[in-house]
Structure formats: structure tokens, C-alpha cells
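**Q** Quick one: the structure is below, questions incoming.
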Amino acid sequence: MAIKINYEQAKFLTSATRGNQLVEDLGAEVAFAGRSNSGKSSALNTLSRQKALARISKTPGRTQMINFFQIDPLHRLVDLPGYGYAKVPESTRLRWRNLMECYFEHRESLRGILLIMDIRHPLTPYDWQMIEWCQYYNYEIHILLNKADKFRRGPALNILQRVQNTIKGKNISIQTFSATKRKGLEEAYEVLDLWLIDR
Ligand SMILES: Nc1nc2c(ncn2[C@@H]2O[C@H](COP(=O)(O)OP(=O)(O)OP(=O)(O)O)[C@@H](O)[C@H]2O)c(=O)[nH]1
Ligand SMILES: [Mg+2]
């Protein structure tokens, strides 16, 4: 398959900690969502073939802002703040929710959500909330079961199938992925291209 968009050209554009700091809603973008520590930033780096574009943290719950990366003037990748980290204070949780609501509420350019999950803990209650939220706003979802390198191929495919069965009928696509071992890139690019390129 020929990848049509030059993801490796992605450059940091800006961060938003408040709704009024979002990038102008033009062109097309894909957002990386998921629990803290699931590997959103790592997946973004791997897909853009850059080591340190998005900041990777050993401490979960660090990134509390929306980071925008520009591939070209019409295409963006967006790193969303993670959720589901127990030790985050209530005030942070509220701020997260406000910011996410501002972003999700009317985002014409948002073509789809890459929902990143740690394959060892797929579909937590927080993930279900995120799925419901995205579907309420009619955003497409593609799940990356990340950190697939933690399992051998057989067990990883078993989990994939189990999760696939659980989300059946919800119009969500899914694949295994490893940001660190760079596995599943082609499949992910295909979805990104499909979403980002105007047909
Ligand atoms: N084994 C393995 N580890 C991974 C993989 N992807 C990410 N990690 C590790 O998981 C940890 C969290 O990665 P991040 O990319 O910072 O996760 P995040 O979802 O952006 O986290 P927040 O920004 O805190 O929400 C880091 O220690 C990564 O090195 C993977 O595919 N395999
Ligand atoms: Mg991150």
C-alpha cells in the first residue's frame, strides 16, 4: 500500500490548555485518545517516524493539554490528554473534562479518533465512556491495542478477537499495535489516510 500523507513531516504546532487556545478548525485532523500511559504519545511518535515529537512520560497523567502537530497546512495529528489515572485531583479531572468538551463539541476538522489502549487492559470503564462520547458526537473510532509486544502473537490475536467481539455492531475498527517495536504501522496508516484525505 502506498501511504499518501507524509506523516514524518509532522511538526509541533501549539498546545492548548483552554478551549480558546485550540488551533483554527480548518483542514483535517486525527486525534490520539486513551488512558494515561496507554502510549498515545509513543504511537504518535512512531507513526510520524520521529523519536521525540510528542513527549513520552514515565509518570502517567502528566500531559494535561491538547498538543497539535502539523503535517502540512491542511493535515494535523492531535495528542489528547490521557484519562483514568486514579491519583489525579478532582480539579484536574474537571479541567480535563472542560477542555475535552470544548474540543469535541464542534470540531469540523476532526475526522476520527485513534483510541489507544494497553492490550493488557483493554476496554476499561473509562474507555467505554470515551467510546460513548465519541459516538455521541459522531466521530469515527479506530482502536490501537498498543504494547502488543508484551505478548506473543497468538495470545495477542486472542485478545484482539475478544475485544472485537465485545465492540461488534458499534462500527469501530481495531488492530494490534506496538509503538516501541513499530508493529501495525501499515494498518494504521491506511486508516489515517482514509480519514484525512478528502474523497
Ligand atoms: N512495551 C511497550 N511500551 C510502550 C509502548 N508504547 C508506549 N510504551 C511505554 O508506555 C509508557 C507511556 O507511554 P506514553 O506514550 O507517554 O503514554 P501516553 O498515553 O501518552 O501517556 P499520558 O500522556 O500520560 O496520557 C512509556 O514508558 C512508554 O515507553 C509499546 O508499544 N510497547
Ligand atoms: Mg502523552
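Identifiers in this document derive from the order of the C-alpha cells: chains are assigned A, B, ..., residues are numbered from 1 separately in each chain, and ligands are numbered from 1 in order of occurrence.
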Skipping near chain neighbours, those fewer than 5 positions away, what residues fall within 12 Å of Asn20 in chain A using only C-alpha atoms, listed as a PyMOL selection string?
**A** chain A and resi 15+25+66+98-103
**Q** Find the nearest atom pair between each residue of chain A and ligand 2 for residues within 8 Å, count only C-alpha atoms and all ligand atoms, give distances in Å to one decimal, sort rows by chain and ascending number, and present the table as a tab-separated table.
**A**
```
residue	atom	partner	partner_atom_place_in_ligand_line	distance
A:Ser36	CA	ligand 2	1 (Mg)	7.1
A:Asn37	CA	ligand 2	1 (Mg)	7.0
A:Gly39	CA	ligand 2	1 (Mg)	6.7
A:Lys40	CA	ligand 2	1 (Mg)	5.4
A:Ser41	CA	ligand 2	1 (Mg)	4.2
A:Ser42	CA	ligand 2	1 (Mg)	7.3
A:Ala54	CA	ligand 2	1 (Mg)	7.0
A:Arg55	CA	ligand 2	1 (Mg)	6.1
A:Ile56	CA	ligand 2	1 (Mg)	5.5
A:Ser57	CA	ligand 2	1 (Mg)	6.5
A:Arg62	CA	ligand 2	1 (Mg)	7.3
A:Thr63	CA	ligand 2	1 (Mg)	5.5
A:Asp79	CA	ligand 2	1 (Mg)	6.8
A:Leu80	CA	ligand 2	1 (Mg)	7.4
A:Pro81	CA	ligand 2	1 (Mg)	6.5
A:Gly82	CA	ligand 2	1 (Mg)	6.7
```
**Q** Ranking A:Asn138, A:Thr180, A:Asn158, A:Ser173 by minimum distance to ligand 1 and counting only C-alpha atoms and all ligand atoms, which one comes first?
**A**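 Ranked by minimum distance to ligand 1, first place goes to A:Thr180.
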**Q** What is the distance between atom 10 (O, counted along the ligand's line) of ligand 1 and CA of Asn146 in chain A, in Å to one decimal?
**A**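 Distance between the two atoms: 9.1 Å.
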**Q** Neighbours of range 112-114 of chain A within 9 Å (only C-alpha atoms; same-chain residues fewer than 6 positions away dropped), as a list in words?
**A**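 Result of the neighbour search: Glu29, Val30, Ala31, Phe32, Ala33, Gly34, Lys40, Cys134, Tyr139, Glu140, Ile141, His142, Ile143, Leu144, Ala188, Leu192, Trp195 and Leu196 of chain A.
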**Q** Calculated over only C-alpha atoms and all ligand atoms, which of the candidates A:Phe104, A:Tyr83, A:Trp133, A:Trp128 has the smallest distance to ligand 1?
**A**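 Smallest distance to ligand 1 is found for A:Tyr83.
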**Q** Go through A:Glu90, A:Asp118, A:Glu105, A:Glu8 and flag the residue nearest ligand 1, using only C-alpha atoms and all ligand atoms for the distances.
**A**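 So, comparing all the options, the nearest one is A:Asp118.
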**Q** Do a neighbour search on Ala148 in chain A at 10 Å with only C-alpha atoms, toss out local chain neighbours closer than 4 positions, and write the hits as a list in words.
**A** Asp118, Ile119, Arg120, Leu144, Arg152, Arg153, Pro155, Ala156, Leu157, Ile159, Leu160, Gln175, Thr176, Phe177, Ser178, Ala179, Thr180, Lys181, Lys183 and Gly184 of chain A
**Q** Between A:Lys51, A:Lys168, A:Lys150, A:Lys87, which is the closest to ligand 1 once you count only C-alpha atoms and all ligand atoms?
**A** A:Lys150
**Q** Between atom 24 (O, counted along the ligand's line) of ligand 1 and CA of Gly27 in chain A, what distance in Å does the model show, to one decimal?
**A**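 Going from atom 24 (O, counted along the ligand's line) of ligand 1 over to CA of Gly27 in chain A covers 27.2 Å.
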**Q** Using only C-alpha atoms and all ligand atoms, which of A:Glu186, A:Asp198, A:Asp72, A:Asp149 sits nearest ligand 1?
**A** A:Asp149
